[in-house]
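**Q** Contents of run.cif (mmCIF, C-alpha atoms):
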data_input
#
loop_
_atom_site.label_atom_id
_atom_site.label_comp_id
_atom_site.auth_asym_id
_atom_site.auth_seq_id
_atom_site.Cartn_x
_atom_site.Cartn_y
_atom_site.Cartn_z
CA MET N 713 0.00 0.00 0.00
CA THR N 714 2.76 2.43 0.99
CA THR N 715 4.83 3.04 -2.10
CA PRO N 716 7.69 5.51 -2.53
CA ALA N 717 5.63 7.24 -5.24
CA LEU N 718 2.68 7.66 -2.89
CA GLN N 719 4.95 9.01 -0.19
CA GLU N 720 6.62 11.42 -2.59
CA ARG N 721 3.26 12.65 -3.81
CA PHE N 722 2.12 13.13 -0.20
CA GLN N 723 5.26 15.07 0.69
CA THR N 724 4.96 17.28 -2.38
CA LEU N 725 1.30 18.09 -1.76
CA VAL N 726 1.80 18.81 1.93
CA ASP N 727 4.85 20.95 1.21
CA THR N 728 2.89 22.91 -1.41
CA HIS N 729 0.09 23.56 1.08
CA LYS N 730 2.20 23.93 4.24
CA LYS N 731 0.79 27.40 4.82
CA ILE N 732 -2.58 25.84 5.66
CA LEU N 733 -0.86 23.80 8.35
CA TYR N 734 0.90 26.87 9.71
CA LYS N 735 -2.19 29.06 9.81
CA VAL N 736 -4.45 26.42 11.36
CA CYS N 737 -1.84 25.64 14.05
CA ASN N 738 -1.33 29.32 14.81
CA SER N 739 -5.04 30.01 14.99
CA TYR N 740 -5.82 27.18 17.41
CA CYS N 741 -2.71 27.22 19.63
CA ARG N 742 -0.68 30.13 20.94
CA ASN N 743 1.81 27.97 22.79
CA ARG N 744 4.80 26.75 20.74
CA ASP N 745 4.76 23.17 22.03
CA ASP N 746 1.02 22.86 21.51
CA ARG N 747 1.44 24.12 17.93
CA GLU N 748 4.10 21.52 17.26
CA ASP N 749 1.95 18.75 18.76
CA LEU N 750 -1.01 19.89 16.68
CA ALA N 751 1.07 20.11 13.48
CA GLN N 752 2.25 16.53 14.03
CA GLU N 753 -1.27 15.25 14.73
CA ILE N 754 -2.54 16.91 11.56
CA ILE N 755 0.26 15.43 9.46
CA VAL N 756 -0.31 11.94 10.89
CA GLN N 757 -4.05 12.18 10.17
CA LEU N 758 -3.38 13.48 6.64
CA TRP N 759 -1.10 10.52 5.99
CA ARG N 760 -3.55 8.00 7.48
CA SER N 761 -6.38 9.36 5.34
CA PHE N 762 -4.31 9.99 2.21
CA ASP N 763 -5.46 6.84 0.41
CA THR N 764 -9.08 8.02 0.76
CA PHE N 765 -8.30 11.38 -0.85
CA ASP N 766 -10.48 11.77 -3.92
CA GLU N 767 -8.33 13.08 -6.78
CA CYS N 768 -11.38 14.81 -8.25
CA SER N 769 -11.57 17.23 -5.32
CA ARG N 770 -9.05 19.93 -4.45
CA PHE N 771 -6.25 18.90 -2.11
CA SER N 772 -6.49 22.22 -0.26
CA THR N 773 -10.21 21.63 0.56
CA TRP N 774 -9.43 18.12 1.83
CA MET N 775 -6.42 19.35 3.80
CA TYR N 776 -8.46 22.15 5.37
CA ARG N 777 -11.11 19.65 6.48
CA ILE N 778 -8.60 17.33 8.10
CA ALA N 779 -6.54 20.13 9.64
CA LEU N 780 -9.59 21.88 11.07
CA ASN N 781 -11.19 18.67 12.34
CA VAL N 782 -7.99 17.65 14.10
CA ALA N 783 -7.42 21.19 15.43
CA ILE N 784 -10.93 21.50 16.88
CA SER N 785 -10.63 18.07 18.56
CA PHE N 786 -7.17 19.01 19.85
CA TYR N 787 -8.51 22.32 21.17
CA ARG N 788 -11.40 20.60 22.92
CA ARG N 789 -9.50 17.68 24.38
CA GLU N 790 -10.07 17.75 28.10
CA SER N 791 -6.83 16.19 29.26
CA THR N 792 -3.45 17.81 29.02
CA ARG N 793 -0.90 16.12 26.82
CA THR N 794 2.38 14.51 27.72
CA ARG N 795 5.12 16.95 26.85
CA TYR N 796 8.48 16.14 25.37
CA VAL N 797 11.23 18.67 24.90
CA LEU N 798 11.99 18.78 21.18
CA SER N 799 15.08 20.10 19.49
CA ASP N 800 14.62 22.22 16.35
CA ASP N 801 15.68 19.20 14.26
CA GLU N 802 12.77 17.24 15.68
CA ARG N 803 10.21 19.94 14.97
CA LEU N 804 7.96 19.47 11.98
CA LEU N 805 7.12 23.07 11.23
CA ASN N 806 10.09 25.23 12.07
CA ALA N 807 8.45 28.57 11.54
CA VAL N 808 5.49 27.81 13.76
CA ASP N 809 7.07 29.79 16.58
CA ASP N 810 7.58 32.88 14.48
CA THR N 811 4.83 34.86 16.18
CA ALA N 812 7.37 37.16 17.85
CA THR N 813 8.60 38.38 14.46
CA GLN N 814 5.15 38.81 12.94
CA PRO N 815 3.95 42.36 12.20
CA ALA N 816 1.73 43.80 14.92
CA GLU N 817 -1.28 43.77 12.58
CA ILE N 818 -0.94 40.05 11.94
CA GLN N 819 -0.58 39.37 15.66
CA VAL N 820 -3.75 41.36 16.26
CA LEU N 821 -5.52 39.33 13.56
CA TYR N 822 -4.41 36.06 15.16
CA GLU N 823 -5.53 37.36 18.55
CA PHE N 824 -8.92 38.21 17.11
CA ILE N 825 -9.19 34.71 15.62
CA GLU N 826 -8.08 33.19 18.93
CA GLY N 827 -10.95 34.90 20.71
CA LEU N 828 -13.55 33.14 18.57
CA ASP N 829 -15.18 29.78 19.30
CA PRO N 830 -13.59 26.84 17.42
CA LEU N 831 -16.16 26.77 14.60
CA ASN N 832 -16.18 30.51 13.90
CA LYS N 833 -12.40 30.41 14.11
CA ALA N 834 -12.43 27.95 11.19
CA LEU N 835 -14.88 30.15 9.29
CA VAL N 836 -12.76 33.31 9.66
CA LEU N 837 -9.58 31.50 8.79
CA LEU N 838 -11.12 30.15 5.58
CA TYR N 839 -12.55 33.56 4.72
CA LEU N 840 -9.31 35.46 5.28
CA ASP N 841 -7.51 32.85 3.20
CA GLY N 842 -9.59 33.96 0.23
CA ASN N 843 -11.82 30.91 -0.13
CA SER N 844 -15.18 31.41 -1.85
CA TYR N 845 -18.43 30.95 0.09
CA LEU N 846 -18.94 27.66 -1.77
CA GLU N 847 -15.48 26.40 -0.75
CA ILE N 848 -16.06 27.46 2.85
CA ALA N 849 -19.43 25.71 2.81
CA ASN N 850 -17.79 22.54 1.45
CA VAL N 851 -15.11 22.50 4.14
CA LEU N 852 -17.43 23.26 7.04
CA GLY N 853 -20.48 21.28 5.88
CA ILE N 854 -22.96 24.16 6.04
CA SER N 855 -24.94 25.94 3.31
CA GLU N 856 -23.57 28.84 1.27
CA THR N 857 -26.37 31.06 2.59
CA ASN N 858 -25.37 30.20 6.11
CA VAL N 859 -21.74 31.09 5.31
CA ALA N 860 -22.83 34.45 3.90
CA THR N 861 -24.95 35.18 6.97
CA LYS N 862 -22.16 34.33 9.36
CA ILE N 863 -19.55 36.30 7.41
CA SER N 864 -21.82 39.31 7.39
CA ARG N 865 -22.19 39.12 11.18
CA LEU N 866 -18.47 38.53 11.67
CA LYS N 867 -17.67 41.56 9.50
CA GLN N 868 -19.60 43.69 11.95
CA GLU N 869 -17.85 42.09 14.90
CA MET N 870 -14.44 42.49 13.29
CA ARG N 871 -15.07 46.13 12.51
CA GLN N 872 -15.90 46.71 16.14
CA GLU N 873 -12.92 44.66 17.32
CA PHE N 874 -10.41 46.47 15.13
CA ARG N 875 -11.85 49.93 15.49
CA GLY N 876 -8.91 52.00 16.66
CA THR N 877 -6.84 48.91 17.51
CA VAL N 878 -4.61 48.57 14.50
CA ARG N 879 -4.73 52.09 13.16
CA ALA N 880 -4.10 54.95 15.47
CA MET M 305 -10.96 51.78 11.19
CA LEU M 306 -9.72 48.68 9.42
CA ASP M 307 -12.31 47.17 7.13
CA LEU M 308 -12.58 43.57 6.09
CA ASP M 309 -11.02 44.10 2.66
CA GLU M 310 -7.95 45.63 4.26
CA MET M 311 -7.77 42.69 6.64
CA LYS M 312 -7.90 40.27 3.76
CA GLN M 313 -5.18 42.20 1.99
CA MET M 314 -3.03 42.13 5.12
CA TRP M 315 -3.66 38.40 5.42
CA ALA M 316 -2.69 37.90 1.76
CA ASP M 317 0.61 39.77 2.35
CA HIS M 318 1.21 37.58 5.40
CA ASP M 319 0.45 34.54 3.24
CA ARG M 320 3.07 35.53 0.64
CA LYS M 321 5.74 36.02 3.30
CA LEU M 322 4.92 32.65 4.83
CA GLU M 323 5.89 30.89 1.61
CA GLU M 324 9.49 31.85 2.24
CA SER M 325 9.59 31.62 6.01
CA ILE M 326 8.06 28.20 6.68
CA ARG M 327 10.21 25.12 6.52
CA LEU M 328 8.74 21.67 6.80
CA ASN M 329 10.95 18.98 8.26
CA MET M 330 10.72 16.58 5.32
CA GLN M 331 12.47 13.81 7.24
CA LEU M 332 9.53 13.71 9.63
CA LEU M 333 7.20 13.41 6.65
CA SER M 334 8.63 10.04 5.63
CA ALA M 335 6.18 7.15 5.72
CA ALA M 336 8.31 5.22 8.18
CA LYS M 337 8.17 8.04 10.74
CA LEU M 338 4.50 8.75 10.15
CA ASP M 339 3.45 5.12 10.42
CA LYS M 340 5.18 4.88 13.79
CA THR M 341 3.27 7.85 15.15
CA GLN M 342 -0.19 7.11 16.35
CA SER M 343 -2.85 9.76 16.26
CA ALA M 344 -4.84 10.43 19.42
CA LEU M 345 -7.90 8.70 17.99
CA MET M 346 -5.86 5.68 16.93
CA ARG M 347 -4.34 5.40 20.42
CA LEU M 348 -7.82 5.58 21.88
CA THR M 349 -9.07 2.85 19.53
CA ILE M 350 -6.17 0.55 20.43
CA TYR M 351 -6.73 1.19 24.14
CA MET M 352 -10.45 0.44 23.77
CA ALA M 353 -9.74 -2.74 21.78
CA LEU M 354 -7.40 -4.00 24.52
CA GLU M 355 -9.95 -3.15 27.17
CA ALA M 356 -12.68 -4.94 25.19
CA ALA M 357 -10.45 -8.04 24.97
CA VAL M 358 -10.03 -8.01 28.76
CA TRP M 359 -13.81 -7.75 29.30
CA LEU M 360 -14.37 -10.59 26.84
CA VAL M 361 -11.98 -12.82 28.79
CA ILE M 362 -13.81 -11.91 32.02
CA ILE M 363 -17.21 -12.74 30.46
CA VAL M 364 -15.97 -16.13 29.24
CA ALA M 365 -14.38 -16.89 32.63
CA LEU M 366 -17.60 -15.92 34.42
CA GLY M 367 -19.60 -18.22 32.10
CA SER M 368 -17.32 -21.04 33.12
CA PHE M 369 -17.66 -20.09 36.82
CA ILE M 370 -21.49 -20.06 36.57
CA TYR M 371 -21.45 -23.49 34.91
CA GLU M 372 -19.23 -24.92 37.65
CA HIS M 373 -21.35 -23.48 40.48
CA ILE M 374 -24.78 -23.81 38.89
CA SER M 375 -26.24 -25.47 42.00
CA GLN M 376 -25.05 -22.73 44.39
CA THR M 377 -27.43 -19.79 44.00
CA LYS M 378 -25.32 -17.26 45.96
CA PHE M 379 -22.35 -17.73 43.63
CA VAL M 380 -24.48 -17.88 40.50
CA VAL M 381 -26.26 -14.63 41.41
CA SER M 382 -22.94 -12.90 42.18
CA ALA M 383 -21.41 -14.11 38.92
CA VAL M 384 -24.49 -13.13 36.89
CA ILE M 385 -24.41 -9.57 38.33
CA LEU M 386 -20.72 -9.33 37.48
CA ASP M 387 -21.37 -10.83 34.04
CA LEU M 388 -24.10 -8.27 33.29
CA TYR M 389 -21.74 -5.48 34.34
CA SER M 390 -18.99 -6.89 32.10
CA ILE M 391 -21.37 -7.32 29.15
CA GLY M 392 -22.53 -3.71 29.59
CA MET M 393 -18.92 -2.48 29.57
CA LEU M 394 -18.04 -4.62 26.56
CA ASN M 395 -21.14 -3.47 24.66
CA SER M 396 -20.25 0.16 25.28
CA LEU M 397 -16.65 -0.37 24.20
CA ILE M 398 -17.66 -2.14 20.98
CA ARG M 399 -20.03 0.72 20.17
CA GLN M 400 -17.22 3.22 20.84
CA ILE M 401 -14.78 1.31 18.62
CA ALA M 402 -17.37 1.11 15.83
CA ALA M 403 -18.12 4.84 16.17
CA SER M 404 -14.43 5.77 16.13
CA ARG M 405 -13.84 3.72 12.98
CA LEU M 406 -16.61 5.61 11.19
CA ILE M 407 -14.91 8.96 11.76
CA ASP M 408 -13.37 10.21 8.52
CA TYR M 409 -11.48 13.45 9.15
CA GLY M 410 -11.66 14.28 5.44
CA LYS M 411 -15.42 14.87 5.70
CA PRO M 412 -16.99 18.28 6.45
CA VAL M 413 -16.11 19.81 9.82
CA ALA M 414 -19.62 20.16 11.31
CA MET M 415 -20.50 16.54 10.58
CA ILE M 416 -17.23 15.11 11.94
CA GLN M 417 -17.24 17.28 15.05
CA LYS M 418 -20.70 15.91 15.91
CA GLN M 419 -19.44 12.35 15.44
CA ILE M 420 -16.36 12.99 17.58
CA GLU M 421 -18.47 14.56 20.31
CA ALA M 422 -20.98 11.67 20.21
CA LEU M 423 -18.03 9.34 20.77
CA ARG M 424 -16.82 11.51 23.64
CA ILE M 425 -20.31 11.42 25.20
CA MET M 426 -20.37 7.61 24.95
CA ARG M 427 -16.94 7.44 26.61
CA ILE M 428 -17.89 9.84 29.41
CA ARG M 429 -21.10 7.89 30.15
CA THR M 430 -19.21 4.59 30.21
CA THR M 431 -16.65 6.03 32.63
CA LYS M 432 -19.29 7.60 34.84
CA TRP M 433 -21.58 4.58 35.12
CA GLY M 434 -18.68 2.11 35.14
CA VAL M 435 -17.19 3.81 38.21
CA LEU M 436 -20.47 4.49 40.03
CA THR M 437 -21.94 0.99 39.58
CA GLY M 438 -18.48 -0.36 40.42
CA PHE M 439 -19.06 0.80 44.01
CA VAL M 440 -21.69 -1.95 44.28
CA VAL M 441 -20.37 -4.49 41.80
CA TRP M 442 -17.11 -4.92 43.72
CA VAL M 443 -19.06 -6.95 46.32
CA PRO M 444 -20.10 -9.83 43.98
CA SER M 445 -16.65 -9.46 42.35
CA MET M 446 -14.93 -10.28 45.65
CA ILE M 447 -17.24 -13.23 46.25
CA VAL M 448 -16.53 -14.66 42.79
CA VAL M 449 -12.77 -13.96 42.81
CA PHE M 450 -12.21 -15.45 46.28
CA LYS M 451 -14.26 -18.52 45.40
CA ALA M 452 -12.60 -19.03 42.01
CA ALA M 453 -9.02 -18.26 43.02
CA PHE M 454 -8.77 -19.41 46.63
CA ARG M 455 -11.84 -21.62 47.10
CA VAL M 456 -12.87 -19.29 49.94
CA ASN M 457 -16.55 -18.60 50.56
CA LEU M 458 -16.86 -14.89 51.32
CA TYR M 459 -20.63 -14.94 51.13
CA GLU M 460 -22.08 -13.78 54.39
CA PRO M 461 -25.49 -12.07 54.09
CA TYR M 462 -24.79 -9.43 56.74
CA TRP M 463 -21.43 -8.51 55.16
CA VAL M 464 -22.91 -8.51 51.64
CA TRP M 465 -25.79 -6.19 52.48
CA SER M 466 -23.60 -3.91 54.58
CA MET M 467 -21.14 -3.51 51.73
CA VAL M 468 -23.88 -3.03 49.11
CA THR M 469 -25.52 -0.36 51.29
CA PHE M 470 -22.14 1.28 51.84
CA GLY M 471 -21.50 1.22 48.07
CA LEU M 472 -24.91 2.73 47.32
CA ALA M 473 -24.28 5.49 49.86
CA LEU M 474 -20.90 6.16 48.27
CA ILE M 475 -22.50 6.99 44.88
CA PRO M 476 -24.16 10.33 45.84
CA LEU M 477 -21.18 11.13 48.06
CA THR M 478 -18.78 10.65 45.14
CA ILE M 479 -20.91 12.80 42.83
CA TRP M 480 -21.05 15.54 45.48
CA THR M 481 -17.29 15.36 46.11
CA SER M 482 -16.56 15.46 42.37
CA LYS M 483 -18.77 18.50 41.89
CA ARG M 484 -17.12 20.27 44.80
CA PHE M 485 -13.46 19.43 44.19
CA SER M 486 -12.97 18.64 40.47
CA GLU M 487 -11.76 22.17 39.68
CA ARG M 488 -9.20 22.04 42.49
CA MET M 489 -7.43 18.89 41.29
CA ASP M 490 -4.64 20.76 39.54
CA GLY M 491 -2.00 18.07 40.06
CA SER M 492 -3.51 15.31 37.96
CA SER M 493 -5.34 15.87 34.69
CA PHE M 494 -6.57 12.25 34.76
CA ILE M 495 -8.16 12.63 38.21
CA GLN M 496 -9.58 16.02 37.27
CA SER M 497 -11.11 14.61 34.09
CA LEU M 498 -12.50 11.59 35.97
CA MET M 499 -14.05 13.84 38.61
CA LYS M 500 -15.54 16.09 35.96
CA SER M 501 -17.03 13.02 34.27
CA LEU M 502 -18.50 11.81 37.57
CA ALA M 503 -19.85 15.26 38.36
CA GLY M 504 -21.47 15.45 34.92
CA TYR M 505 -19.46 18.53 33.85
CA ASN M 506 -17.76 16.80 30.91
CA LEU M 507 -21.10 15.47 29.69
CA THR M 508 -22.66 18.92 29.90
CA ALA M 509 -19.71 20.45 28.02
CA ALA M 510 -19.95 17.80 25.30
CA ALA M 511 -23.73 18.24 24.98
CA ASP M 512 -23.27 22.03 24.81
CA PHE M 513 -20.72 21.64 22.03
CA VAL M 514 -23.06 19.35 20.04
CA ALA M 515 -25.78 21.98 20.46
CA SER M 516 -23.41 24.73 19.29
CA VAL M 517 -22.44 22.69 16.19
CA SER M 518 -26.13 22.15 15.38
CA GLU M 519 -26.77 25.84 15.83
CA PHE M 520 -23.77 26.62 13.62
CA GLN M 521 -25.18 24.29 10.93
CA ASN M 522 -28.76 25.46 11.09
CA GLU M 523 -28.45 29.18 11.62
CA LYS M 524 -30.23 30.97 8.78
CA HIS M 525 -30.40 34.63 9.70
CA ALA M 526 -27.98 37.11 11.13
CA SER M 527 -29.08 38.43 14.48
#
In C-alpha cells, write the structure found in this file.
**A**
Amino acid sequence: MTTPALQERFQTLVDTHKKILYKVCNSYCRNRDDREDLAQEIIVQLWRSFDTFDECSRFSTWMYRIALNVAISFYRRESTRTRYVLSDDERLLNAVDDTATQPAEIQVLYEFIEGLDPLNKALVLLYLDGNSYLEIANVLGISETNVATKISRLKQEMRQEFRGTVRA
Amino acid sequence: MLDLDEMKQMWADHDRKLEESIRLNMQLLSAAKLDKTQSALMRLTIYMALEAAVWLVIIVALGSFIYEHISQTKFVVSAVILDLYSIGMLNSLIRQIAASRLIDYGKPVAMIQKQIEALRIMRIRTTKWGVLTGFVVWVPSMIVVFKAAFRVNLYEPYWVWSMVTFGLALIPLTIWTSKRFSERMDGSSFIQSLMKSLAGYNLTAAADFVASVSEFQNEKHAS
C-alpha cells in the first residue's frame, strides 16, 4: 500500500500547502509546544487518510477539512498532553514559533481569531484565506447562505474589534 | 478603522511572506516516521480494543464459573451480576470502537465534530456509570474472585448487604465530592477529568458543544 511514489506525492502536496498547516496551528494554539503537537497530529491524520483522498476534489479543501477537524478536537480535548522537549531538528514546522517576528497587525488578527469559538475560528480563517463561500461551505459542511450570513455578522464584529486597535 | 477588505489584503501579504519563512521537516514526513506515530484517535481505539479483549476474557471466565457453580445460588447470582456489568462495559466499548472507525477526518467539519463529540459522550457515560456501579459491583466481584481463586466462601449475608448499602451510599457522596473538588485537582489531569465526568461537567460540556455545532449548521439569519 505504501509506495515511494505515494509518499513522494504526499510530501509534495503537503509541502505545497504547508501554509494551511501553519495558519491552522497558529489560529488554534498560541503555545509553541502545543502548535508543534497539533502540526504533528494533523500530518499523521493526513497521511492515514491519504489513500481516501479523492483526486477529483481539491487537495487544499481536503487538507483544510482534516486540519480543522484535528485542530478542533485538539482544542477541545479535556486532558493535558504529555510533553516532550523537542530540538529544532525534531520539529515538523520550524516557523510555527515565528509569532514574535510577525507584524503587529498580523498578531492582532491572530488574537482576534483566537478569541472566537472553534467553529467561527475555522470560518474566519477560511474567509481570510480567500476561499469562496462555496469552498467554505464545502469545508465546514454548512450551506452557502449560512456562510454568507455568518460572514456578514463577523464583518460587523471584526469592525468593532479592530476599530482603533490597529490604526491609530 | 480597518475594514474587512484591508484585513484580507493584510492576510494575503502575510500569506506571501509565509511561503518563504516556513520550513517543513521533510524527514519527519517520511512514511516510516509517520506510520510509527499514532494519532490520538488511533491510540484511543487501540486502548479500547485492549480493554474490550479483557472484558471478553472476564465474560468467558464468568460463564465457566457459573457453569461450575450452577447449583449454588449465591455464587451464580454474584457471577451473573458481574457478568451483566462486564457485558454492559463490553457493549459500550464495541459501540465506541465502531463509532471511532466511522470517523473520517476528510469529511466536512460540522459533521465530523458531531461524530467525535458523540463518541466523547459515549466514553464519558461509560466512565461515569462504570465507576459508580463499580461501588456496588465490587461486592459480587470479591465473592466470585475469592471462590474461584482461593476456594474461599466470602458470602455472608450481613457482610454482603452492609457492603452493598455502603457502596450505594458512596454513589451520591462521590458525585457531590466530584462537583465540589474537580476544579481544584490541579496536580492530575486524569483525576480532574474523571471527577468532571463523575460530576457530569464533561457530559454537559460535550452536549453544549453538540448543540453549538447544530446551531452553527442550522443558523439561517444574522441576528
**Q** Under the PyMOL selection byres ((chain N and resi 747) around 9), which residues of this model are included? Write them out as a list in words.
**A**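 So the PyMOL selection byres ((chain N and resi 747) around 9), applied here, picks out Tyr734, Cys737, Asn738, Tyr740, Cys741, Arg742, Asn743, Arg744, Asp745, Asp746, Glu748, Asp749, Leu750, Ala751, Gln752, Leu805, Val808 and Asp809 of chain N.
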**Q** Between CA of Gly842 in chain N and CA of Trp315 in chain M, what distance in Å does the model show, to one decimal?
**A**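 Spanning CA of Gly842 in chain N to CA of Trp315 in chain M is a straight-line distance of 9.0 Å.
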**Q** So which one's closest to Ile420 in chain M, M:Val517, M:Val361, M:Ala503, M:Met467? Using all atoms listed in the file, please.
**A**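 Ranking M:Val517, M:Val361, M:Ala503, M:Met467 by distance to Ile420 in chain M, first place goes to M:Val517.
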**Q** Write out as an MDAnalysis selection string which residues come within 8 Å of Phe765 in chain N when counting only C-alpha atoms, dropping same-chain ones fewer than 3 positions away.
**A** (chainID N and resid 761:762 771 774) or (chainID M and resid 410)
**Q** Selected by the PyMOL selection byres ((chain M and resi 360) around 12) in the shown coordinates: which residues, as a PyMOL selection string?
**A** chain M and resi 353-359+361-367+387-395+397-398
**Q** If you keep C-alpha atoms, can you produce a file of those selected residues as an mmCIF file, keeping the file's coordinate frame?
**A**
data_model
loop_
_atom_site.group_PDB
_atom_site.id
_atom_site.type_symbol
_atom_site.label_atom_id
_atom_site.label_comp_id
_atom_site.auth_asym_id
_atom_site.auth_seq_id
_atom_site.Cartn_x
_atom_site.Cartn_y
_atom_site.Cartn_z
ATOM 1 C CA ALA M 353 -9.740 -2.740 21.780
ATOM 2 C CA LEU M 354 -7.400 -4.000 24.520
ATOM 3 C CA GLU M 355 -9.950 -3.150 27.170
ATOM 4 C CA ALA M 356 -12.680 -4.940 25.190
ATOM 5 C CA ALA M 357 -10.450 -8.040 24.970
ATOM 6 C CA VAL M 358 -10.030 -8.010 28.760
ATOM 7 C CA TRP M 359 -13.810 -7.750 29.300
ATOM 8 C CA VAL M 361 -11.980 -12.820 28.790
ATOM 9 C CA ILE M 362 -13.810 -11.910 32.020
ATOM 10 C CA ILE M 363 -17.210 -12.740 30.460
ATOM 11 C CA VAL M 364 -15.970 -16.130 29.240
ATOM 12 C CA ALA M 365 -14.380 -16.890 32.630
ATOM 13 C CA LEU M 366 -17.600 -15.920 34.420
ATOM 14 C CA GLY M 367 -19.600 -18.220 32.100
ATOM 15 C CA ASP M 387 -21.370 -10.830 34.040
ATOM 16 C CA LEU M 388 -24.100 -8.270 33.290
ATOM 17 C CA TYR M 389 -21.740 -5.480 34.340
ATOM 18 C CA SER M 390 -18.990 -6.890 32.100
ATOM 19 C CA ILE M 391 -21.370 -7.320 29.150
ATOM 20 C CA GLY M 392 -22.530 -3.710 29.590
ATOM 21 C CA MET M 393 -18.920 -2.480 29.570
ATOM 22 C CA LEU M 394 -18.040 -4.620 26.560
ATOM 23 C CA ASN M 395 -21.140 -3.470 24.660
ATOM 24 C CA LEU M 397 -16.650 -0.370 24.200
ATOM 25 C CA ILE M 398 -17.660 -2.140 20.980
#
**Q** Around all the atoms of range 451-462 of chain M listed in the file, draw an axis-aligned box and extend it by 4 Å on each of the six sides; I want its centre and edge lengths in Å to one decimal, as lines of an AutoDock Vina configuration file.
**A**
center_x = -17.1
center_y = -15.5
center_z = 49.4
size_x = 24.7
size_y = 20.2
size_z = 22.7
**Q** Write out as a PyMOL selection string the residues lying within 10 Å of range 372-381 of chain M, counting all atoms listed in the file and excluding same-chain residues fewer than 5 positions away.
**A** chain M and resi 366-367+386-387+444+447-448+451-452+457-461
**Q** Got a sec: who's within 7 Å of Ala779 in chain N, counting only C-alpha atoms, leaving out chain neighbours fewer than 5 positions off, as JSON, numbers by chain?
**A** {"N": [733, 736, 754]}
**Q** Given the file shown, enumerate the residues that the PyMOL selection byres ((chain M and resi 412-417) around 12) captures and present them as a PyMOL selection string.
**A** (chain N and resi 773-788+830-832+834-835+847-855) or (chain M and resi 403-411+418-424+510-511+513-522)
**Q** Which value, in Å to one decimal, gives the distance between CA of Leu837 in chain N and CA of Phe824 in chain N?
**A**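 Atom-to-atom, CA of Leu837 in chain N and CA of Phe824 in chain N are spaced 10.7 Å apart.
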**Q** Kindly indicate which residue among N:Leu866, N:Thr861, N:Ser772, N:Asp829 lies nearest to chain M, using all atoms listed in the file for the distances.
**A**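 Comparing N:Leu866, N:Thr861, N:Ser772, N:Asp829 against chain M, the winner is N:Thr861.
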**Q** So that I can check the surroundings of Asn506 in chain M, please list as a VMD selection string every protein, DNA and RNA residue that reaches within 10 Å of it, counting all atoms listed in the file and ignoring chain neighbours fewer than 2 positions away.
**A** (chain N and resid 790) or (chain M and resid 424 to 425 428 to 429 497 to 504 508 to 512)
**Q** Which of these residues is nearest to chain M, using only C-alpha atoms: N:Lys735, N:His729, N:Val756, N:Thr724?
**A**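 Residue with the minimum atom-to-atom distance to chain M: N:Val756.
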**Q** How many Å lie between CA of Met314 in chain M and CA of Lys867 in chain N, rounded to one decimal?
**A** 15.3 Å
**Q** When you count all atoms listed in the file, which of these residues is closest to chain N: M:Thr478, M:Gln313, M:Asn329, M:Gln496?
**A**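 So, comparing all the options, the nearest one is M:Asn329.
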**Q** Looking at N:Leu718, N:Leu828, N:Leu846, N:Leu840, which one is nearest to chain M, with distances taken over only C-alpha atoms?
**A**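 So, comparing all the options, the nearest one is N:Leu840.
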**Q** Given all atoms listed in the file as the basis, pick out the residue of M:Glu523, M:Leu507, M:Ile385, M:Glu487 nearest to chain N.
**A**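 That would be M:Glu523, the residue with the smallest distance to chain N.
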